[in-house]
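Structure file protein05.cif (mmCIF, C-alpha atoms) follows.
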```cif
data_final
loop_
_atom_site.label_atom_id
_atom_site.label_comp_id
_atom_site.auth_asym_id
_atom_site.auth_seq_id
_atom_site.Cartn_x
_atom_site.Cartn_y
_atom_site.Cartn_z
CA MET E 127 0.00 0.00 0.00
CA ASP E 128 2.24 2.75 -1.27
CA GLY E 129 1.01 6.27 -0.73
CA PHE E 130 -1.55 5.28 1.86
CA PHE E 131 -1.27 8.67 3.55
CA ASP E 132 -0.26 10.47 0.38
CA ILE E 133 -3.26 12.78 0.15
CA PRO E 134 -3.77 14.38 -3.28
CA SER E 135 -3.12 18.14 -3.13
CA ASP E 136 -6.49 19.09 -4.64
CA LEU E 137 -8.10 18.37 -1.28
CA GLN E 138 -6.00 21.17 0.28
CA HIS E 139 -5.86 19.32 3.58
CA SER E 140 -3.59 16.86 5.30
CA TRP E 141 -4.97 13.55 6.52
CA LEU E 142 -5.39 14.99 10.04
CA GLY E 143 -6.97 18.10 8.56
CA LEU E 144 -9.54 15.96 6.78
CA ILE E 145 -10.27 14.14 10.04
CA GLY E 146 -10.82 17.47 11.82
CA LEU E 147 -13.11 18.61 9.02
CA HIS E 148 -14.99 15.32 9.18
CA VAL E 149 -15.47 15.50 12.95
CA ARG E 150 -16.80 19.05 12.61
CA GLU E 151 -19.16 18.23 9.75
CA ALA E 152 -20.50 15.16 11.57
CA GLY E 153 -20.45 16.54 15.12
CA LEU E 154 -22.13 19.93 14.67
CA PRO E 155 -25.30 18.39 13.15
CA VAL E 156 -25.60 15.99 16.09
CA LEU E 157 -25.25 18.91 18.55
CA ALA E 158 -27.73 21.01 16.58
CA GLY E 159 -30.08 18.03 16.40
CA LEU E 160 -29.85 17.58 20.18
CA LEU E 161 -30.58 21.30 20.74
CA ILE E 162 -33.69 21.03 18.52
CA ALA E 163 -34.77 17.63 19.85
CA LEU E 164 -34.68 18.58 23.55
CA PRO E 165 -37.40 21.29 23.44
CA LEU E 166 -39.31 19.39 20.75
CA SER E 167 -39.48 16.23 22.86
CA GLN E 168 -40.45 18.26 25.91
CA LEU E 169 -43.40 19.59 23.90
CA CYS E 170 -44.24 16.01 22.84
CA VAL E 171 -44.17 14.86 26.46
CA ARG E 172 -46.29 17.82 27.59
CA PHE E 173 -48.86 17.57 24.79
CA ARG E 174 -49.33 13.90 24.01
CA TRP E 175 -51.30 14.44 20.81
CA LEU E 176 -48.25 16.18 19.29
CA TYR E 177 -46.04 13.10 19.44
CA PRO E 178 -47.47 10.94 16.59
CA PRO E 179 -47.45 13.77 13.99
CA VAL E 180 -43.92 14.83 15.00
CA LEU E 181 -42.77 11.23 14.70
CA TRP E 182 -44.44 10.92 11.30
CA VAL E 183 -42.84 14.11 9.95
CA THR E 184 -39.36 13.13 11.15
CA THR E 185 -39.75 9.65 9.61
CA VAL E 186 -40.79 11.12 6.25
CA LEU E 187 -37.86 13.56 6.34
CA TYR E 188 -35.56 10.65 7.19
CA ALA E 189 -36.75 8.77 4.11
CA ILE E 190 -35.49 11.53 1.79
CA PRO E 191 -32.23 10.27 0.30
CA SER E 192 -29.23 12.29 1.51
CA LEU E 193 -27.97 12.91 -2.02
CA ALA E 194 -31.35 14.25 -3.15
CA PHE E 195 -31.53 16.45 -0.06
CA PHE E 196 -28.05 17.89 -0.77
CA VAL E 197 -28.82 18.59 -4.42
CA VAL E 198 -32.06 20.39 -3.57
CA LEU E 199 -30.32 22.50 -0.91
CA ILE E 200 -27.60 23.59 -3.35
CA ASP E 201 -30.13 26.02 -4.83
CA TYR E 202 -30.41 27.77 -1.47
CA THR E 203 -27.18 27.33 0.45
CA GLY E 204 -24.71 26.63 -2.37
CA GLN E 205 -21.90 24.09 -2.34
CA THR E 206 -20.98 24.67 1.28
CA GLU E 207 -20.60 22.65 4.45
CA LEU E 208 -23.98 24.00 5.52
CA THR E 209 -25.62 22.09 2.68
CA VAL E 210 -24.23 18.88 4.12
CA MET E 211 -24.95 19.72 7.75
CA ILE E 212 -28.63 20.69 7.38
CA PRO E 213 -29.82 17.23 6.16
CA LEU E 214 -27.66 15.49 8.76
CA THR E 215 -29.27 17.62 11.48
CA VAL E 216 -32.72 16.69 10.17
CA TYR E 217 -31.81 12.98 10.07
CA THR E 218 -30.71 12.98 13.73
CA LEU E 219 -34.18 14.11 14.84
CA VAL E 220 -35.81 10.81 13.89
CA ILE E 221 -33.43 9.04 16.27
CA LEU E 222 -33.14 11.63 19.05
CA VAL E 223 -36.79 12.69 19.50
CA PRO E 224 -38.16 9.17 20.27
CA ALA E 225 -35.09 8.42 22.42
CA ILE E 226 -35.60 11.54 24.56
CA VAL E 227 -39.40 11.20 24.73
CA ASP E 228 -39.17 7.54 25.79
CA GLY E 229 -36.42 8.39 28.27
CA VAL E 230 -38.31 11.25 29.88
CA ARG E 231 -41.56 9.28 29.94
CA SER E 232 -39.85 6.34 31.65
CA VAL E 233 -39.30 8.44 34.80
CA PRO E 234 -41.55 6.84 37.47
CA GLN E 235 -44.52 8.86 38.69
CA GLU E 236 -43.47 8.54 42.32
CA THR E 237 -40.08 10.09 41.52
CA LEU E 238 -41.82 13.06 39.94
CA ALA E 239 -44.21 13.30 42.88
CA ALA E 240 -41.29 13.19 45.31
CA ALA E 241 -39.55 15.99 43.42
CA THR E 242 -42.71 18.09 43.45
CA ALA E 243 -43.15 17.43 47.16
CA MET E 244 -39.60 18.64 47.75
CA GLY E 245 -40.65 21.95 46.24
CA PHE E 246 -39.15 21.56 42.73
CA GLY E 247 -40.77 23.73 40.08
CA PRO E 248 -41.46 22.28 36.59
CA VAL E 249 -38.23 23.68 35.08
CA ARG E 250 -36.00 22.58 37.93
CA ARG E 251 -37.74 19.20 38.02
CA TYR E 252 -37.11 18.75 34.30
CA ILE E 253 -33.43 19.71 34.46
CA GLN E 254 -32.48 18.08 37.76
CA VAL E 255 -34.70 14.98 37.81
CA GLN E 256 -36.15 14.00 34.44
CA LEU E 257 -33.14 14.71 32.20
CA PRO E 258 -30.55 12.91 34.38
CA ILE E 259 -32.77 9.82 34.60
CA ALA E 260 -33.28 9.95 30.83
CA VAL E 261 -29.52 10.19 30.17
CA PRO E 262 -29.01 6.49 29.27
CA ALA E 263 -31.83 6.64 26.68
CA ILE E 264 -30.60 9.98 25.29
CA ILE E 265 -27.01 8.71 25.00
CA ALA E 266 -28.25 5.54 23.28
CA GLY E 267 -29.93 7.79 20.69
CA LEU E 268 -26.85 10.00 20.39
CA ARG E 269 -24.67 6.94 19.72
CA VAL E 270 -26.75 5.84 16.73
CA ALA E 271 -27.08 9.44 15.49
CA THR E 272 -23.34 10.14 15.74
CA VAL E 273 -22.25 6.93 14.04
CA SER E 274 -24.65 7.32 11.11
CA SER E 275 -23.78 11.01 10.83
CA ILE E 276 -20.07 10.19 10.53
CA SER E 277 -20.82 7.73 7.75
CA LEU E 278 -23.20 10.08 5.89
CA VAL E 279 -20.85 13.07 5.73
CA SER E 280 -18.91 11.22 3.04
CA VAL E 281 -21.84 11.51 0.61
CA GLY E 282 -21.16 15.27 0.66
CA ALA E 283 -18.24 14.52 -1.67
CA LEU E 284 -20.79 14.09 -4.45
CA ILE E 285 -21.85 17.75 -4.35
CA GLY E 286 -18.36 19.11 -4.87
CA ASN E 287 -15.73 18.39 -2.24
CA GLN E 288 -17.88 18.92 0.83
CA GLY E 289 -17.47 15.42 2.19
CA ALA E 290 -14.28 15.71 4.26
CA LEU E 291 -12.91 12.13 4.27
CA GLY E 292 -15.46 11.33 1.58
CA ASN E 293 -13.50 13.55 -0.83
CA LEU E 294 -10.70 11.04 -0.43
CA ILE E 295 -13.05 8.36 -1.76
CA ASN E 296 -13.91 10.55 -4.71
CA ASP E 297 -10.20 11.11 -5.39
CA ALA E 298 -9.58 7.37 -5.11
CA ASN E 299 -12.07 6.94 -7.92
CA ILE E 300 -10.78 9.80 -10.10
CA TYR E 301 -7.09 8.90 -9.76
CA ASN E 302 -7.75 5.14 -9.60
CA ARG E 303 -5.96 4.78 -6.27
CA PRO E 304 -7.92 2.21 -4.23
CA GLU E 305 -5.61 2.64 -1.22
CA LEU E 306 -7.10 6.11 -0.67
CA ALA E 307 -10.59 4.61 -0.48
CA VAL E 308 -9.35 1.98 1.99
CA ASN E 309 -7.77 4.76 4.03
CA ALA E 310 -11.02 6.77 4.05
CA VAL E 311 -13.28 3.81 4.89
CA VAL E 312 -11.02 2.57 7.69
CA THR E 313 -10.52 6.07 9.12
CA MET E 314 -14.26 6.75 9.12
CA ALA E 315 -15.06 3.40 10.71
CA VAL E 316 -12.44 3.96 13.42
CA LEU E 317 -13.72 7.52 14.01
CA ALA E 318 -17.27 6.20 14.37
CA ILE E 319 -16.25 3.45 16.79
CA LEU E 320 -14.17 5.93 18.84
CA ALA E 321 -17.08 8.38 18.99
CA ASP E 322 -19.36 5.53 20.05
CA GLY E 323 -16.94 4.50 22.80
CA LEU E 324 -16.60 8.13 23.93
CA LEU E 325 -20.38 8.39 24.34
CA VAL E 326 -20.42 5.18 26.40
CA VAL E 327 -17.77 6.72 28.69
CA VAL E 328 -19.83 9.93 28.92
CA ARG E 329 -22.85 7.87 29.95
CA LEU E 330 -20.86 6.07 32.64
CA LEU E 331 -19.60 9.42 33.97
CA MET E 332 -23.03 11.05 33.91
CA THR E 333 -24.85 8.15 35.56
CA PRO E 334 -22.64 7.12 38.48
CA TRP E 335 -25.66 5.52 40.19
CA MET E 336 -26.06 2.91 37.46
CA PRO E 337 -24.62 -0.56 38.19
CA SER E 338 -21.25 -1.07 36.54
CA GLY E 339 -19.21 -4.17 35.73
CA ALA E 340 -20.89 -7.47 34.98
CA ARG E 341 -24.39 -6.27 35.75
CA ALA E 342 -24.06 -3.35 33.35
CA ARG E 343 -23.74 -5.83 30.48
CA ARG E 344 -27.50 -5.84 30.43
CA ALA E 345 -27.42 -2.11 29.63
CA ASP E 346 -24.93 -2.73 26.84
CA ARG E 347 -27.33 -4.84 24.85
CA PRO E 348 -27.51 -3.97 21.16
CA GLU E 349 -29.54 -0.80 20.85
CA PRO E 350 -32.83 -1.46 19.08
CA GLU E 351 -33.13 0.57 15.91
CA PRO E 352 -34.92 3.57 17.34
CA GLU E 353 -35.94 5.22 14.10
CA VAL E 354 -39.07 3.40 13.06
CA ALA E 355 -38.92 0.15 14.98
CA ALA E 356 -42.41 -1.21 15.65
CA ARG E 357 -44.25 2.04 15.18
CA MET G 159 -34.77 28.15 -10.07
CA ASN G 160 -38.06 27.27 -8.48
CA ILE G 161 -38.02 23.65 -7.49
CA LEU G 162 -41.72 23.11 -8.00
CA ASN G 163 -41.47 24.38 -11.57
CA PHE G 164 -38.57 22.05 -12.10
CA ILE G 165 -40.49 19.06 -10.77
CA ASN G 166 -43.49 19.92 -12.88
CA ALA G 167 -41.39 20.37 -16.03
CA PHE G 168 -39.44 17.23 -15.31
CA PHE G 169 -42.43 14.97 -14.80
CA SER G 170 -44.49 16.36 -17.68
CA ASP G 171 -41.69 15.96 -20.23
CA SER G 172 -42.60 12.83 -22.18
CA ALA G 173 -38.93 12.12 -22.92
CA HIS G 174 -38.50 11.32 -19.25
CA TRP G 175 -41.14 8.62 -19.39
CA GLN G 176 -39.63 6.24 -21.92
CA GLY G 177 -36.44 4.51 -22.90
CA TYR G 178 -33.42 3.41 -20.90
CA ASP G 179 -33.26 6.65 -18.94
CA GLY G 180 -37.02 6.94 -18.44
CA ILE G 181 -38.72 7.13 -15.09
CA PRO G 182 -40.31 3.63 -15.34
CA THR G 183 -36.94 2.01 -16.10
CA ARG G 184 -35.18 3.87 -13.31
CA LEU G 185 -37.98 3.22 -10.86
CA GLY G 186 -37.89 -0.46 -11.75
CA GLU G 187 -34.13 -0.48 -11.23
CA HIS G 188 -34.53 1.20 -7.86
CA VAL G 189 -37.19 -1.29 -6.74
CA GLN G 190 -35.08 -4.17 -8.03
CA TYR G 191 -31.94 -3.04 -6.15
CA THR G 192 -33.99 -2.50 -3.01
CA LEU G 193 -35.73 -5.87 -3.08
CA GLN G 194 -32.56 -7.78 -3.90
CA ALA G 195 -30.55 -6.08 -1.16
CA LEU G 196 -33.39 -6.53 1.32
CA ALA G 197 -33.73 -10.23 0.43
CA ILE G 198 -30.00 -10.89 0.85
CA ALA G 199 -29.85 -8.92 4.10
CA ALA G 200 -32.89 -10.77 5.44
CA ALA G 201 -31.39 -14.11 4.43
CA ILE G 202 -28.34 -13.23 6.53
CA GLY G 203 -29.90 -11.29 9.38
CA LEU G 204 -33.08 -13.24 10.12
CA PRO G 205 -31.63 -16.75 10.76
CA VAL G 206 -28.74 -15.39 12.82
CA GLY G 207 -31.05 -13.12 14.81
CA LEU G 208 -33.60 -15.87 15.37
CA VAL G 209 -31.05 -18.43 16.56
CA THR G 210 -29.07 -16.04 18.80
CA GLY G 211 -32.31 -14.63 20.17
CA HIS G 212 -33.69 -18.11 20.83
CA TYR G 213 -30.67 -19.16 22.84
CA GLY G 214 -30.17 -15.67 24.29
CA ARG G 215 -26.46 -15.63 23.59
CA GLY G 216 -24.18 -13.35 21.64
CA GLY G 217 -25.88 -10.07 22.47
CA ASN G 218 -22.54 -8.29 22.91
CA ALA G 219 -21.20 -9.69 19.64
CA LEU G 220 -24.36 -8.50 17.86
CA ALA G 221 -23.98 -5.04 19.45
CA PHE G 222 -20.45 -4.88 18.08
CA ILE G 223 -21.53 -6.04 14.61
CA ALA G 224 -24.31 -3.44 14.62
CA VAL G 225 -21.93 -0.61 15.50
CA ALA G 226 -19.37 -1.80 12.97
CA GLY G 227 -22.01 -2.12 10.25
CA ARG G 228 -23.28 1.38 10.88
CA ALA G 229 -19.75 2.76 11.10
CA LEU G 230 -18.74 1.53 7.64
CA PRO G 231 -19.60 4.36 5.24
CA THR G 232 -21.86 3.08 2.46
CA PHE G 233 -20.46 5.49 -0.09
CA GLY G 234 -16.89 4.51 0.70
CA LEU G 235 -17.67 0.80 0.43
CA LEU G 236 -19.41 1.41 -2.88
CA VAL G 237 -16.39 3.08 -4.45
CA LEU G 238 -14.01 0.59 -2.88
CA MET G 239 -15.99 -2.35 -4.29
CA THR G 240 -16.11 -0.72 -7.70
CA LEU G 241 -12.38 -0.10 -7.70
CA SER G 242 -11.58 -3.65 -6.67
CA LEU G 243 -14.32 -5.61 -8.48
CA GLY G 244 -15.07 -3.42 -11.48
CA PHE G 245 -18.56 -2.41 -12.50
CA GLY G 246 -21.45 -4.70 -11.77
CA LEU G 247 -24.40 -5.43 -9.60
CA ILE G 248 -22.41 -7.09 -6.84
CA ASN G 249 -20.52 -3.96 -5.87
CA VAL G 250 -23.82 -2.12 -5.41
CA MET G 251 -25.31 -5.00 -3.42
CA ILE G 252 -22.49 -5.41 -0.88
CA PRO G 253 -22.73 -1.86 0.61
CA LEU G 254 -26.53 -1.96 0.65
CA VAL G 255 -26.51 -5.34 2.40
CA VAL G 256 -23.92 -4.12 4.93
CA LEU G 257 -26.25 -1.17 5.56
CA ALA G 258 -29.36 -3.32 5.98
CA VAL G 259 -28.07 -6.25 8.03
CA PRO G 260 -27.56 -4.42 11.39
CA PRO G 261 -31.17 -3.18 11.79
CA ILE G 262 -32.59 -6.59 10.81
CA LEU G 263 -30.17 -8.53 13.00
CA VAL G 264 -30.51 -6.34 16.09
CA THR G 265 -34.29 -5.98 15.89
CA THR G 266 -34.78 -9.70 15.37
CA TYR G 267 -32.57 -10.48 18.36
CA GLU G 268 -34.36 -7.90 20.51
CA ALA G 269 -37.77 -9.16 19.36
CA MET G 270 -36.89 -12.74 20.28
CA ARG G 271 -35.55 -11.64 23.67
CA SER G 272 -38.68 -9.65 24.45
CA VAL G 273 -41.02 -12.64 23.99
CA ASP G 274 -42.89 -13.37 27.21
CA PRO G 275 -41.14 -16.43 28.79
CA ALA G 276 -44.38 -17.90 30.18
CA PRO G 277 -45.83 -19.16 26.86
CA VAL G 278 -42.38 -20.47 25.91
CA ASP G 279 -42.26 -22.46 29.16
CA ALA G 280 -45.78 -23.69 28.58
CA ALA G 281 -44.86 -24.83 25.07
CA ARG G 282 -41.86 -26.72 26.43
CA GLY G 283 -44.10 -28.26 29.08
CA MET G 284 -46.39 -29.47 26.31
CA GLY G 285 -43.41 -31.33 24.87
CA MET G 286 -42.44 -29.04 21.99
CA HIS G 287 -38.79 -29.21 21.04
CA ASP G 288 -36.54 -26.26 20.20
CA VAL G 289 -37.48 -25.96 16.54
CA GLU G 290 -41.20 -26.08 17.29
CA VAL G 291 -40.86 -23.55 20.12
CA LEU G 292 -38.93 -21.26 17.80
CA PHE G 293 -41.30 -21.41 14.84
CA ARG G 294 -44.68 -21.99 16.47
CA VAL G 295 -44.41 -19.87 19.62
CA GLU G 296 -41.58 -17.34 19.60
CA LEU G 297 -41.64 -16.34 15.94
CA PRO G 298 -45.37 -15.50 15.75
CA VAL G 299 -45.14 -13.42 18.93
CA ALA G 300 -41.98 -11.62 17.81
CA LEU G 301 -43.16 -11.10 14.23
CA PRO G 302 -44.47 -7.50 14.54
CA LEU G 303 -41.14 -6.26 15.92
CA ILE G 304 -39.17 -8.29 13.36
CA LEU G 305 -41.19 -6.77 10.52
CA GLY G 306 -40.51 -3.34 12.05
CA GLY G 307 -36.80 -4.05 11.68
CA LEU G 308 -37.26 -5.15 8.06
CA ARG G 309 -39.21 -1.96 7.46
CA SER G 310 -36.50 0.32 8.79
CA ALA G 311 -33.93 -1.60 6.75
CA ALA G 312 -36.08 -1.15 3.64
CA ILE G 313 -36.38 2.60 4.20
CA GLN G 314 -32.63 2.92 4.57
CA ILE G 315 -31.98 0.90 1.41
CA VAL G 316 -34.49 2.88 -0.65
CA SER G 317 -32.91 6.17 0.32
CA THR G 318 -29.33 4.94 0.00
CA ALA G 319 -29.69 3.17 -3.35
CA THR G 320 -29.53 6.65 -4.94
CA ILE G 321 -25.79 6.89 -4.42
CA ALA G 322 -25.38 3.80 -6.60
CA ALA G 323 -25.80 6.30 -9.44
CA TYR G 324 -22.29 7.51 -8.67
CA VAL G 325 -20.42 4.38 -9.70
CA SER G 326 -22.37 3.84 -12.89
CA LEU G 327 -21.05 7.27 -13.93
CA GLY G 328 -17.68 6.91 -12.26
CA GLY G 329 -15.59 7.33 -15.41
CA SER G 330 -17.13 10.56 -16.65
CA ASP G 331 -15.73 13.96 -15.78
CA GLY G 332 -16.99 16.18 -13.01
CA THR G 333 -19.36 18.43 -14.90
CA SER G 334 -21.37 15.81 -16.72
CA TRP G 335 -21.54 13.86 -13.49
CA THR G 336 -23.08 16.75 -11.57
CA GLY G 337 -25.44 17.54 -14.41
CA SER G 338 -26.69 14.05 -14.87
CA THR G 339 -26.98 13.17 -11.23
CA SER G 340 -28.94 16.24 -10.35
CA ALA G 341 -31.49 14.89 -12.80
CA THR G 342 -31.22 11.39 -11.37
CA THR G 343 -31.40 12.48 -7.78
CA ARG G 344 -34.13 15.00 -8.26
CA ARG G 345 -36.04 12.15 -9.75
CA SER G 346 -35.50 10.31 -6.50
CA TRP G 347 -37.77 12.83 -4.80
CA ALA G 348 -40.39 10.33 -5.82
CA ALA G 349 -38.63 7.62 -3.81
CA PRO G 350 -39.76 8.54 -0.28
CA ARG G 351 -43.39 8.19 -1.25
CA TRP G 352 -42.90 4.51 -1.95
CA SER G 353 -41.09 3.65 1.22
CA PRO G 354 -43.20 4.03 4.39
#
```
Mind turning this structure into structure tokens?
Amino acid sequence: MDGFFDIPSDLQHSWLGLIGLHVREAGLPVLAGLLIALPLSQLCVRFRWLYPPVLWVTTVLYAIPSLAFFVVLIDYTGQTELTVMIPLTVYTLVILVPAIVDGVRSVPQETLAAATAMGFGPVRRYIQVQLPIAVPAIIAGLRVATVSSISLVSVGALIGNQGALGNLINDANIYNRPELAVNAVVTMAVLAILADGLLVVVRLLMTPWMPSGARARRADRPEPEPEVAAR
Amino acid sequence: MNILNFINAFFSDSAHWQGYDGIPTRLGEHVQYTLQALAIAAAIGLPVGLVTGHYGRGGNALAFIAVAGRALPTFGLLVLMTLSLGFGLINVMIPLVVLAVPPILVTTYEAMRSVDPAPVDAARGMGMHDVEVLFRVELPVALPLILGGLRSAAIQIVSTATIAAYVSLGGSDGTSWTGSTSATTRRSWAAPRWSP
């Protein structure tokens, strides 16, 4: 594998630069998605009738192919990173909204009653009681969202060099250098697995009351596909 | 350009309704890719999920496979397969199958695990053996969830099959590629309507 890290100069980035670009293009949409999903799911928890339509809209948006979404957005936002990040943000909602709603709803009534009896207002109760208990469910959603976001950024290469490590795949095709594609695929897979592991560590740090060690295995079961499973 | 005008002009142009590049041909291709990939993925994911779920083992291994499957970028695999295998159907199928196996596998496993143990015990008490318990008790109960997994896999394949357009045009230069795909992909606006 000669020239494995020999990045063609038309990308104007080193290998590490491409990784940084990739992390930004995949990470910002997940953060933006979380910022949108938190208030949206709170509304869905508060007004129950809102949940099915919200779920339906996010599922339909999720079914739009990423490439089609990018090409349509080019008319409005041009060939920029923003064009790649907007669809990715929209895609995260279908995973994050059900995860947060289910997590917040799973808080037992007596816990809520105890918090109210201790004099917690609705806002404080939400931030200090409901959200922390929902953390495992939210992180489970974030894991799926982050991993699929990292893999989808590469499609941005198809709209003109906006795909970070995906551009490397495009170059592999143009210059007929398969080793570049191997490099890109392996790097993206490793990035995704690292991000996934990082989120697991974050969950362990944020939920010190959860059982760890052998009994936590149960919590590490494969995450069910949250998007449309059984709905 | 107004997108609605474009869609209207595109769909009312009769040239887009016939021939190799016509909407029926392309739609048929899309459905064909989707069904084939879904069938292969189900042939891999369902038996493995059913057996591991029945015996309740290998959950951690499945979790790892699911993460790894999601982590592999479909687009990257597609180009990699094309570069190493040349053009053909198989290099489109492999990435789509890799994309579709994790949801099927994980949901099937989860569905089998979530079956109420009481009827399973009762079935064993009635003298059913493993195969009978699996097919006559657990599978019918778990079926709705399993089909949910197949459904989410199908949605992902339908929306991802669009990037297969890239490799069929891989040799052409940048401009013609952008021009022709914007037509191809705008056409795929029709795709979401078929999926849910």
> Evaluating the PyMOL selection byres ((chain E) within 9 of (chain G)) on the displayed file yields which residues, as an NGL selection string?
Replying inline: :E and (185-195 or 197-198 or 201 or 270 or 273-274 or 276-281 or 284-286 or 292 or 295-296 or 298-300 or 302-305 or 307-308 or 310-312 or 314-319 or 322 or 343 or 346-351 or 353-357)
> Quick one: which residues end up in the PyMOL selection byres ((chain E and resi 255) around 12) for this structure, as number ranges by chain?
Replying inline: E: 229-242, 244, 246-254, 256-261
> Quick one, how far is atom CA of G:Ala199 from atom CA of G:Ser272?
Replying inline: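 Spanning atom CA of G:Ala199 to atom CA of G:Ser272 is a straight-line distance of 22.2 Å.
Take atom CA of G:Arg184 and atom CA of G:Val250: the distance between them is 15.1 Å.
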> Interatomic distance between atom CA of E:Ser140 and atom CA of E:Gly159?
Replying inline: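 Separating atom CA of E:Ser140 from atom CA of E:Gly159 is a distance of 28.7 Å.
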>> Under the rule that only C-alpha atoms are counted, which of G:Glu296, G:Glu290, G:Asp171, G:Glu187 is the nearest residue to G:Asp274?
In response: G:Glu296
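The nearest approach to E:Thr272 among the residues E:Leu157, E:Leu331, E:Met211, E:Val171, with all atoms listed in the file taken into account, belongs to E:Leu157.
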> Care to translate the PyMOL selection byres ((chain G and resi 198) around 12) into actual residues of this file, as an MDAnalysis selection string?
Replying inline: chainID G and resid 191:197 199:205 248 251:259 262 308 311:312 315
>> Just want the 8 Å neighbourhood of stretch 219-223 of chain E, counted on all atoms listed in the file, with same-chain residues fewer than 4 positions away dropped. Output as number ranges by chain.
In response: E: 159-160, 162-164, 166-167, 181, 184-185, 188, 215, 227, 264, 267-268, 270-271, 352-353
As a PDB file, in the coordinates of the input, please: stretch 297-308 of chain E completed to N, CA and C atoms.
```
ATOM      1  N   ASP E 297     -11.519  11.050  -4.766  1.00  0.00           N
ATOM      2  CA  ASP E 297     -10.200  11.110  -5.390  1.00  0.00           C
ATOM      3  C   ASP E 297      -9.697   9.708  -5.724  1.00  0.00           C
ATOM      4  N   ALA E 298      -9.996   8.746  -4.841  1.00  0.00           N
ATOM      5  CA  ALA E 298      -9.580   7.370  -5.110  1.00  0.00           C
ATOM      6  C   ALA E 298     -10.171   6.916  -6.440  1.00  0.00           C
ATOM      7  N   ASN E 299     -11.399   7.329  -6.695  1.00  0.00           N
ATOM      8  CA  ASN E 299     -12.070   6.940  -7.920  1.00  0.00           C
ATOM      9  C   ASN E 299     -11.480   7.678  -9.126  1.00  0.00           C
ATOM     10  N   ILE E 300     -11.280   9.001  -8.977  1.00  0.00           N
ATOM     11  CA  ILE E 300     -10.780   9.800 -10.100  1.00  0.00           C
ATOM     12  C   ILE E 300      -9.373   9.356 -10.483  1.00  0.00           C
ATOM     13  N   TYR E 301      -8.495   9.209  -9.485  1.00  0.00           N
ATOM     14  CA  TYR E 301      -7.090   8.900  -9.760  1.00  0.00           C
ATOM     15  C   TYR E 301      -6.833   7.396  -9.779  1.00  0.00           C
ATOM     16  N   ASN E 302      -7.890   6.587  -9.635  1.00  0.00           N
ATOM     17  CA  ASN E 302      -7.750   5.140  -9.600  1.00  0.00           C
ATOM     18  C   ASN E 302      -6.704   4.697  -8.571  1.00  0.00           C
ATOM     19  N   ARG E 303      -6.889   5.176  -7.336  1.00  0.00           N
ATOM     20  CA  ARG E 303      -5.960   4.780  -6.270  1.00  0.00           C
ATOM     21  C   ARG E 303      -6.774   4.166  -5.132  1.00  0.00           C
ATOM     22  N   PRO E 304      -7.045   2.857  -5.227  1.00  0.00           N
ATOM     23  CA  PRO E 304      -7.920   2.210  -4.230  1.00  0.00           C
ATOM     24  C   PRO E 304      -7.447   2.401  -2.796  1.00  0.00           C
ATOM     25  N   GLU E 305      -6.104   2.549  -2.602  1.00  0.00           N
ATOM     26  CA  GLU E 305      -5.610   2.640  -1.220  1.00  0.00           C
ATOM     27  C   GLU E 305      -6.193   3.866  -0.516  1.00  0.00           C
ATOM     28  N   LEU E 306      -6.510   4.929  -1.289  1.00  0.00           N
ATOM     29  CA  LEU E 306      -7.100   6.110  -0.670  1.00  0.00           C
ATOM     30  C   LEU E 306      -8.505   5.791  -0.148  1.00  0.00           C
ATOM     31  N   ALA E 307      -9.248   4.979  -0.923  1.00  0.00           N
ATOM     32  CA  ALA E 307     -10.590   4.610  -0.480  1.00  0.00           C
ATOM     33  C   ALA E 307     -10.514   3.738   0.772  1.00  0.00           C
ATOM     34  N   VAL E 308      -9.529   2.808   0.787  1.00  0.00           N
ATOM     35  CA  VAL E 308      -9.350   1.980   1.990  1.00  0.00           C
ATOM     36  C   VAL E 308      -9.048   2.874   3.176  1.00  0.00           C
TER      37      VAL E 308
END
```
